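Colleague: Attaching a single structure in structure tokens format; questions to follow.
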Amino acid sequence: MSQEADLINEGLSLMMFGMGFVFVFLTVLVFATSLMSKITLALAPMAPEKATPNARPSVAPVASDPSSDPVLLSVINEAVRQHRARRQ
Amino acid sequence: MSQEADLINEGLSLMMFGMGFVFVFLTVLVFATSLMSKITLALAPMAPEKATPNARPSVAPVASDPSSDPVLLSVINEAVRQHRARRQ
Amino acid sequence: MSQEADLINEGLSLMMFGMGFVFVFLTVLVFATSLMSKITLALAPMAPEKATPNARPSVAPVASDPSSDPVLLSVINEAVRQHRARRQ
Amino acid sequence: MDKLMALWTGSGLYNMDAGSLTMIVIGFLLLYLAIRKNFEPLLLVPIGFGGILANIPAAGLAYSAVEQLAHVGSAAQLDQLAAVLGTQFENYKQILDVYYSAPAAVKLTAEQLASDLNYNNGMLYNFYSVAIGSTVAPLLIFMGVGAMTDFGPLLANPRTLFLGAAAQFGIFATVLGAVGMSSLGWMDFSIEQAAAIGIIGGADGPTAIYVSSVLAPELLGAIAVAAYSYMALVPMIQPPIMKALTTEKERAIEMVQLRPVSKLEKIMFPLVLLVLVALLLPDAAPLLGMFCFGNLMRECGVVDRLSDTAQNALINTVTIFLGLSVGSKLVADKFLSTETLGILALGIVAFAIGTAAGVLMAKLMNKLSKTQINPLIGSAGVSAVPMAARVSNKVGLEANPHNFLLMHAMGPNVAGVIGSAVAAGVMIKYVSAIAG
Amino acid sequence: MDKLMALWTGSGLYNMDAGSLTMIVIGFLLLYLAIRKNFEPLLLVPIGFGGILANIPAAGLAYSAVEQLAHVGSAAQLDQLAAVLGTQFENYKQILDVYYSAPAAVKLTAEQLASDLNYNNGMLYNFYSVAIGSTVAPLLIFMGVGAMTDFGPLLANPRTLFLGAAAQFGIFATVLGAVGMSSLGWMDFSIEQAAAIGIIGGADGPTAIYVSSVLAPELLGAIAVAAYSYMALVPMIQPPIMKALTTEKERAIEMVQLRPVSKLEKIMFPLVLLVLVALLLPDAAPLLGMFCFGNLMRECGVVDRLSDTAQNALINTVTIFLGLSVGSKLVADKFLSTETLGILALGIVAFAIGTAAGVLMAKLMNKLSKTQINPLIGSAGVSAVPMAARVSNKVGLEANPHNFLLMHAMGPNVAGVIGSAVAAGVMIKYVSAIAG
Amino acid sequence: MDKLMALWTGSGLYNMDAGSLTMIVIGFLLLYLAIRKNFEPLLLVPIGFGGILANIPAAGLAYSAVEQLAHVGSAAQLDQLAAVLGTQFENYKQILDVYYSAPAAVKLTAEQLASDLNYNNGMLYNFYSVAIGSTVAPLLIFMGVGAMTDFGPLLANPRTLFLGAAAQFGIFATVLGAVGMSSLGWMDFSIEQAAAIGIIGGADGPTAIYVSSVLAPELLGAIAVAAYSYMALVPMIQPPIMKALTTEKERAIEMVQLRPVSKLEKIMFPLVLLVLVALLLPDAAPLLGMFCFGNLMRECGVVDRLSDTAQNALINTVTIFLGLSVGSKLVADKFLSTETLGILALGIVAFAIGTAAGVLMAKLMNKLSKTQINPLIGSAGVSAVPMAARVSNKVGLEANPHNFLLMHAMGPNVAGVIGSAVAAGVMIKYVSAIAG
Ligand code: NA
Ligand code: NA
Ligand code: NA
């Protein structure tokens with residue numbers, strides 16, 4: 001067999017093995033994760049930290065605008081008020 | 001003397017020298033510290049920064065580290081900004 | 001020529017070349033910078049971010065470090081404390 | 001007078017050649033894309049700047065001491081080097097080829113010679129050796145990414161892992177493309193190089209850098225630039241493909257709200273993943289191990305100090321050095337070749353195929369199951385976190401203004417990170433099995 | 001097909017053995033203790049995770065290139081290695097023993113061979129070399145701890161230094177125990193190893209890691225795990241001993257309020273300590289020098305930027321690497337031995353004896369002086385900052401609800417840190433005097 | 001009993017000599033100046049502390065393994081070392097001189113011998129090798145300084161660059177002074193050493209450390225101490241000179257308000273500077289390249305994470321190690337020599353001449369142009385950011401209470417940083433042209 005065909009064969013077999021393994025691995029992970037979730041929830045019945053739909057936006061830590069949060073604003077106002085009081 | 005007894009002897013003498021030295025060192029440190037405090041207080045008569053009983057809790061920085069709480073951080077940033085704005 | 005005179009000559013020529021090059025370089029930089037500013041302002045006519053006289057105090061970041069301002073620190077601490085208290 | 005000559009013959013102007021000039025222009029182009037067009041600026045600003053520094057003529061910042069000797073040594077010095085390497089000096093490329101393939105003991109002797117002749121490693125060469133040569137920088141970035149990743153959406157709907165698996169098809173199709181190009185005689189890629197190029201399709205910067213540093217360090221510059229550039233282009237590359245492969249009705253599918261996920265599940269997930277890696281694919285252990293470690297630090301709740309540092313000071317520091325180090329691989333005589341064009345062409349094909357495979361997989365899953373998923377979230381399986389998930393969301397909103405896919409797309413999105421790290425492990429294993 | 005075989009024979013499942021499995025279970029146990037039981041999580045999370053990574057079969061993350069070669073090399077490669085080492089290959093343990101004791105020049109040749117045969121250092125091995133092999137990580141942790149330590153309570157009542165001295169008896173008693181075990185033939189500890197084991201009784205993580213990295217790196221894993229585990233167990237180990245050695249009346253002693261301490265005193269203290277170290281015990285200079293440096297940065301008030309970084313980003317980064325590096329010493333064939341059981345047994349005895357010695361010293365001081373101290377603060381002399389001081393406070397409150405001992409116990413607590421660093425210096429000096 | 005002897009003969013008291021004692025006192029003096037007098041505390045606290053640590057007798061923290069062997073080895077060991085170096089042992093200075101000038105292969109053999117004889121590198125020696133020997137620490141400091149520098153005032157009035165150029169006259173005049181001293185036989189400075197001493201006049205710490213680490217590492221301690229001390233003394237050194245060279249009327253000149261500077265100009269400036277460096281002076285590329293990189297990160301607005309880390313955690317960490325490393329060069333037998341006195345004398349002359357040259361240049365520019373500048377801002381051209389600019393402001397206010405020169409003086413101030421980095425590049429180029 002020519003060297004070129006060899007290389008193509010290597011590529012093909014890497015593709016098959018590779019994709020195959022990725023699917024096997026992630027399939028096992030799907031089952032393992034589901035099993036883990038079931039056991040976990042059985043052992044410690046849901047004291048949900050937070051519902052995911054409202055969870056913090058994962059990989060984007062920069063965001064969060066303080067001026068749009070009334071609770072935060074009141075904290076700030078309180079801090080500032082106290083600070084002024086203290087300075088007098 | 002057997003090798004075992006040798007090792008025991010080494011251990012015993014390490015214990016004696018070691019404990020002895022630790023005590024000598026810390027005793028010297030007690031005197032040096034007391035002397036230092038006397039000289040210091042004579043030179044610069046007490047302008048006590050803070051009374052120690054109320055001092056910050058020294059070696060436990062984790063709980064009080066605000067930078068690990070993003071919400072808190074934004075509160076702080078806002079407070080700082082407002083404080084600066086007000087100072088001008 | 002003696003070795004001493006040699007060293008002196010080296011020093012003199014380093015001074016002349018060095019100072020000369022520094023002036024040439026910074027003169028070129030003056031012209032390049034002026035040119036750059038003109039082109040820049042022609043391309044994007046001034047939407048001045050901030051007037052420099054009031055700009056942040058450049059190479060002195062320590063002053064703007066909140067942890068070096070005790071008044072500011074107390075404001076922050078107060079804000080943190082209140083926010084924590086409120087969350088509980 | 002000869003000092004004035006030295007100043008002139010040592011200047012960049014005197015030594016400038018077309019290659020260096022081209023690469024400096026490319027460096028500025030990367031900076032322009034990063035700063036003005038917001039193309040992955042955290043990486044492309046350091047990479048672009050490092051690329052400019054690496055190509056400053058006569059500065060040799062990207063060269064080792066031996067490489068500097070080979071480039072600018074006197075005839076006598078080059079003969080000494082050739083003698084140490086057991087060859088005759090012809091030109092710097094030839095002597096360096098001998099050096100690169102010499103046994104470690106000979107390399108050490110050559111380094112000692114360069115040191116005795118007062119040559120030093122360039123700054124960027126040192127950065128590269130420490131950050132990438134040791135593989136530590138991509139691993140620490142991966143740890144930081146783990147500490148920033150919320151697996152909640154994935155745990156709420158683990159089936160989305162299949163989408164992350166399917167999108168890796170882009171990787172392997174690209175490997176095939178690369179060996180195909182070599183077979184046609186267009187390029188000259190080895191199987192190691194083809195594997196390293198394929199990983200661009202993983203749409204995951206640190207994974208791409210890690211794999212190419214292990215399998216094909218000579219292509220690292222082009223691979224990293226392609227990976228980050230195309231990740232930035234995801235909002236342009238993906239939507240046409242997504243729309244071509246789906247009907248209006250499919251794009252309008254609304255998904256059921258994700259169930260809440262408990263804290264304990266989030267703690268257990270990185271450990272489950274770690275166990276699977278340990279059992280099935282030890283070659284992925286450095287990458288996925290550090291990723292799981294970062295995620296465990298994030299979720300376990302008792303080491304917030306460490307998690308915070310991993311997500312901030314540490315990852316930022318490493319990013320600076322990683323970027324400059326990648327830039328050091330943009331020296332003209334390594335980067336300017338037809339191979340680079342091949343890599344850029346293959347890279348975009350990889351992204352397109354990965355996107356398509358993800359979308360088609362989602363449609364297949366809808367055929368096999370009653371719970372319908374919106375096929376638009378399939379494209380997020382290529383990784384490119386969180387850009388690809390945002391693209392899914394945006395295209396979804398165009399089809400149905402009540403259709404908020406962002407959180408649903410985060411599942412396949414982070415699954416894609418796992419998928420490409422697994423693919424990386426398989427390729428390293430496979431290629432080293434051929435070599436060994 | 002043979003690639004499929006390679007994947008299978010290279011998997012963790014295929015290569016799993018009882019030792020690795022046991023160590024992985026131990027790693028998970030450490031994670032459980034750290035996360036659920038809050039056992040010194042800052043260290044035990046990275047240590048436990050590192051231990052799991054180190055034992056992933058066929059990944060070899062904790063091995064150097066030469067060790068990898070010895071473990072998985074082909075017969076021909078092993079013969080080459082044996083030739084370089086001037087011996088015959090029997091098994092990997094024998095060849096590695098020859099390698100470990102070879103002169104530096106031979107070691108270098110073996111490393112060059114491994115490099116030529118395409119073996120690389122594992123990730124954790126690199127972390128260990130940089131962080132612990134160079135001793136830099138424990139020293140930086142100590143600098144950070146210095147920057148976090150307030151010596152105010154100690155300065156207000158310097159006599160409490162005696163309590164910190166007495167509690168070090170645990171260290172030396174344990175050394176005696178270790179050599180005793182060896183004499184009885186139960187274990188086989190050298191005097192270096194005995195000294196390194198003893199330092200567990202110092203109840204101070206970085207000191208223990210520093211000493212064992214210098215005197216007995218082969219025991220570092222077990223010693224670090226024992227030290228941190230028992231530090232976490234202080235609230236369980238100490239109270240029974242404290243109660244057994246004191247009367248109800250003694251425990252109820254209220255102490256006079258501490259005098260305020262001036263800023264200048266706090267600045268001067270690390271300098272006084274440094275001078276004493278310089279004059280009396282240069283061998284403790286790295287440890288106590290960095291500790292004093294950290295404390296001076298904290299107190300001097302003019303380098304708050306540096307102090308802040310030393311207490312946060314820097315110590316956190318170092319902690320991550322230190323923990324993973326310690327974990328690399330939990331590989332099965334080094335950790336699973338009767339010696340480890342001996343170390344665990346001796347460690348808890350060390351804590352108990354140190355606690356008792358501190359309490360008894362306090363009672364002795366009450367005999368010799370009119371100013372009464374509550375003997376419960378003596379137990380804080382073992383270090384384990386600030387846990388031991390909190391234990392003193394808690395037991396004190398049980399005896400007398402108006403008895404707030406926390407600040408009084410901080411004095412002996414930080415004195416214990418100094419005491420065990422001094423003990424470390426003495427042991428290093430003593431043992432090297434025997435060796436030299 | 002012999003262990004007690006070992007403890008005593010190994011103590012600092014027993015080994016103390018006049019040199020070490022003197023250096024320890026000097027270390028405390030530096031700490032006093034830093035903490036009480038606020039002399040550049042960020043550097044002088046670590047330098048002073050490092051100096052004390054380096055001079056602890058018998059600890060050898062600043063020595064390499066080979067240096068330790070040469071200092072404290074037994075007669076037999078020293079003969080082995082001499083044999084490796086191909087000489088006879090006379091005393092430790094002679095043997096180390098042979099070692100320092102040996103080829104790299106011989107050095108490696110000597111290091112292997114020291115390792116086989118159980119000598120290790122001292123802590124501070126390791127810090128020095130990693131931080132300064134590799135030149136990485138001054139470069140990272142420069143990156144951080146770039147990220148902290150606002151070029152706005154300079155861009156608003158680019159002519160102030162001439163002031164930054166003129167003030168570099170202090171550098172070259174000092175070089176001349178140093179070679180003059182050598183010619184007169186007072187000192188024995190080579191041209192490399194003279195160049196390294198001259199850079200003190202640049203009033204820029206990292207530049208001075210970088211240049212002397214490249215050209216004259218043996219003088220680094222004295223040069224760094226002189227540079228930072230005189231930078232702290234700027235408020236005392238400069239005003240008399242400024243007043244002597246200006247009239248009351250000149251000092252009262254009010255300057256027109258600076259024009260606003262656009263964001264885009266600020267982004268472009270570091271790139272323009274980089275191009276000029278690349279074209280004209282590649283030898284300044286490491287220093288000015290990192291400086292421009294830091295400034296670009298600051299201004300480009302898309303990598304604030306990185307800029308923030310470069311200005312905080314990273315620069316603080318590097319400062320700690322840089323300071324301790326400089327301190328390691330304060331060992332008695334290197335620092336206590338007449339050369340140090342010469343360096344200190346030349347350093348203050350350099351500052352004075354630089355100040356005068358800046359002021360005179362400003363007066364010359366007033367002669368040549370209609371737009372008048374206050375000559376007091378000329379003195380800020382020496383760098384010493386931001387101290388020198390504050391001095392200009394203060395002296396200006398004394399002459400005219402409405403005269404706020406601070407922002408105007410920031411222009412020449414940062415120009416001085418560029419100027420001395422350019423001067424550094426020229427000197428490295430020139431001196432290596434002589435050597436090559
Ligand atoms: Na991916
Ligand atoms: Na202790
Ligand atoms: Na300057």
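By order of appearance in the structure tokens: chains A, B, ..., then residues from 1 within every chain, and ligands from 1 in the order shown.
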Counting only C-alpha atoms and all ligand atoms, what are the residues, protein, DNA or RNA alike, that approach ligand 2 to within 10 Å? I want them as a VMD selection string.
Modeller: chain E and resid 164 to 171 199 to 205 207 to 208 351 354 380 to 385 412 to 424
Colleague: DSSP says helix (DSSP H, G or I) for which residues of stretch 199-314 of chain D? Put them as a PyMOL selection string?
Modeller: chain D and resi 199-202+205-215+217-244+248-251+263-280+282-300+304-311+313-314
Colleague: When you get a sec, could you note down which chain F residues fall within 7 Å of chain C, using only C-alpha atoms, as a PDB file with C-alpha atoms, in the first residue's frame?
Modeller:
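Written output follows (result21.pdb):
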ATOM      1  CA  MET F 148      -0.294  51.871  35.960  1.00  0.00           C
ATOM      2  CA  THR F 149       0.969  54.679  33.740  1.00  0.00           C
ATOM      3  CA  ASP F 150      -1.345  57.264  32.223  1.00  0.00           C
ATOM      4  CA  GLY F 152      -2.450  61.425  28.912  1.00  0.00           C
ATOM      5  CA  PRO F 153      -0.327  64.393  30.072  1.00  0.00           C
ATOM      6  CA  PRO F 158       4.549  65.662  23.496  1.00  0.00           C
ATOM      7  CA  ARG F 159       7.311  68.275  23.590  1.00  0.00           C
ATOM      8  CA  LEU F 161       9.574  64.209  25.827  1.00  0.00           C
ATOM      9  CA  PHE F 162      12.621  66.441  25.249  1.00  0.00           C
ATOM     10  CA  ALA F 165      15.625  63.019  27.071  1.00  0.00           C
ATOM     11  CA  PHE F 169      22.406  63.223  30.703  1.00  0.00           C
ATOM     12  CA  PHE F 172      26.019  59.251  30.751  1.00  0.00           C
ATOM     13  CA  ALA F 173      27.840  61.824  32.843  1.00  0.00           C
ATOM     14  CA  VAL F 175      29.439  56.655  33.212  1.00  0.00           C
ATOM     15  CA  LEU F 176      32.146  59.170  32.458  1.00  0.00           C
ATOM     16  CA  VAL F 179      35.607  55.520  34.086  1.00  0.00           C
ATOM     17  CA  GLY F 180      37.316  58.691  35.277  1.00  0.00           C
ATOM     18  CA  SER F 183      41.576  56.127  35.263  1.00  0.00           C
ATOM     19  CA  ILE F 191      33.171  49.772  31.014  1.00  0.00           C
ATOM     20  CA  LEU F 258      -3.604  70.550  28.968  1.00  0.00           C
ATOM     21  CA  PRO F 260      -8.092  66.580  26.587  1.00  0.00           C
ATOM     22  CA  VAL F 261      -6.717  63.383  25.091  1.00  0.00           C
ATOM     23  CA  SER F 262      -8.903  60.845  23.314  1.00  0.00           C
ATOM     24  CA  LYS F 263      -9.122  57.186  24.216  1.00  0.00           C
ATOM     25  CA  LEU F 264      -7.867  56.168  20.784  1.00  0.00           C
ATOM     26  CA  GLU F 265      -4.701  58.241  21.150  1.00  0.00           C
ATOM     27  CA  PHE F 269       0.668  55.525  21.857  1.00  0.00           C
ATOM     28  CA  VAL F 385       7.614  58.558  39.225  1.00  0.00           C
ATOM     29  CA  PRO F 386       5.574  60.174  40.751  1.00  0.00           C
ATOM     30  CA  MET F 407      -0.181  67.226  35.691  1.00  0.00           C
ATOM     31  CA  GLY F 419      14.239  57.882  28.150  1.00  0.00           C
ATOM     32  CA  VAL F 422      16.189  53.804  25.722  1.00  0.00           C
ATOM     33  CA  ALA F 423      19.485  54.717  27.375  1.00  0.00           C
ATOM     34  CA  VAL F 426      21.888  51.866  23.936  1.00  0.00           C
ATOM     35  CA  MET F 427      24.304  50.956  26.686  1.00  0.00           C
TER      36      MET F 427
END
Colleague: Would you compute the distance between atom CA of D:Ala83 and atom CA of E:Ser115? Give it in Å to one decimal.
Modeller: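 Separating atom CA of D:Ala83 from atom CA of E:Ser115 is a distance of 22.7 Å.
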Colleague: Pick out the chain D residues within 8 Å of chain F. Count only C-alpha atoms. Give them as a ChimeraX atom specification.
Modeller: /D:3,6-7,10-13,34-35,38,41-42,45-46,49,53,56-59,61,109,112-113,115-116,123,312-313,316-317,319-320
Colleague: If you measure from atom CA of F:Val326 to atom CA of E:Ala131, what distance in Å do you get, rounded to one decimal?
Modeller: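 Separation of atom CA of F:Val326 and atom CA of E:Ala131: 21.8 Å.
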Colleague: So the first atom is atom CA of D:Leu124 and the second is atom CA of E:Asn120; what is the distance between them in Å, to one decimal place?
Modeller: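 So the two atoms, atom CA of D:Leu124 and atom CA of E:Asn120, lie 22.5 Å apart.
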Colleague: Residues at most 12 Å from F:Glu250, counting only C-alpha atoms, excluding those fewer than 2 positions away in the same chain, as a PyMOL selection string?
Modeller: chain F and resi 242-248+252-255+359-360+362-363+366+372-377+395-396+399-400+403
Colleague: Write out as an MDAnalysis selection string which residues come within 8 Å of D:Leu220 when counting only C-alpha atoms, dropping same-chain ones fewer than 4 positions away.
Modeller: chainID D and resid 209 212:213 216 224 326 329
Colleague: Looking at only C-alpha atoms and all ligand atoms, which of D:Gly185, D:Leu322, D:Leu163, D:Pro239 is the one that sits closest to ligand 1?
Modeller: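 Going through D:Gly185, D:Leu322, D:Leu163, D:Pro239 one by one, the smallest distance to ligand 1 is for D:Leu163.
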Colleague: Compare D:Thr22, D:Thr355, D:Ser392, D:Ser328 by their minimum atom-to-atom distance to ligand 1, counting only C-alpha atoms and all ligand atoms, and give me the closest one.
Modeller: D:Thr355
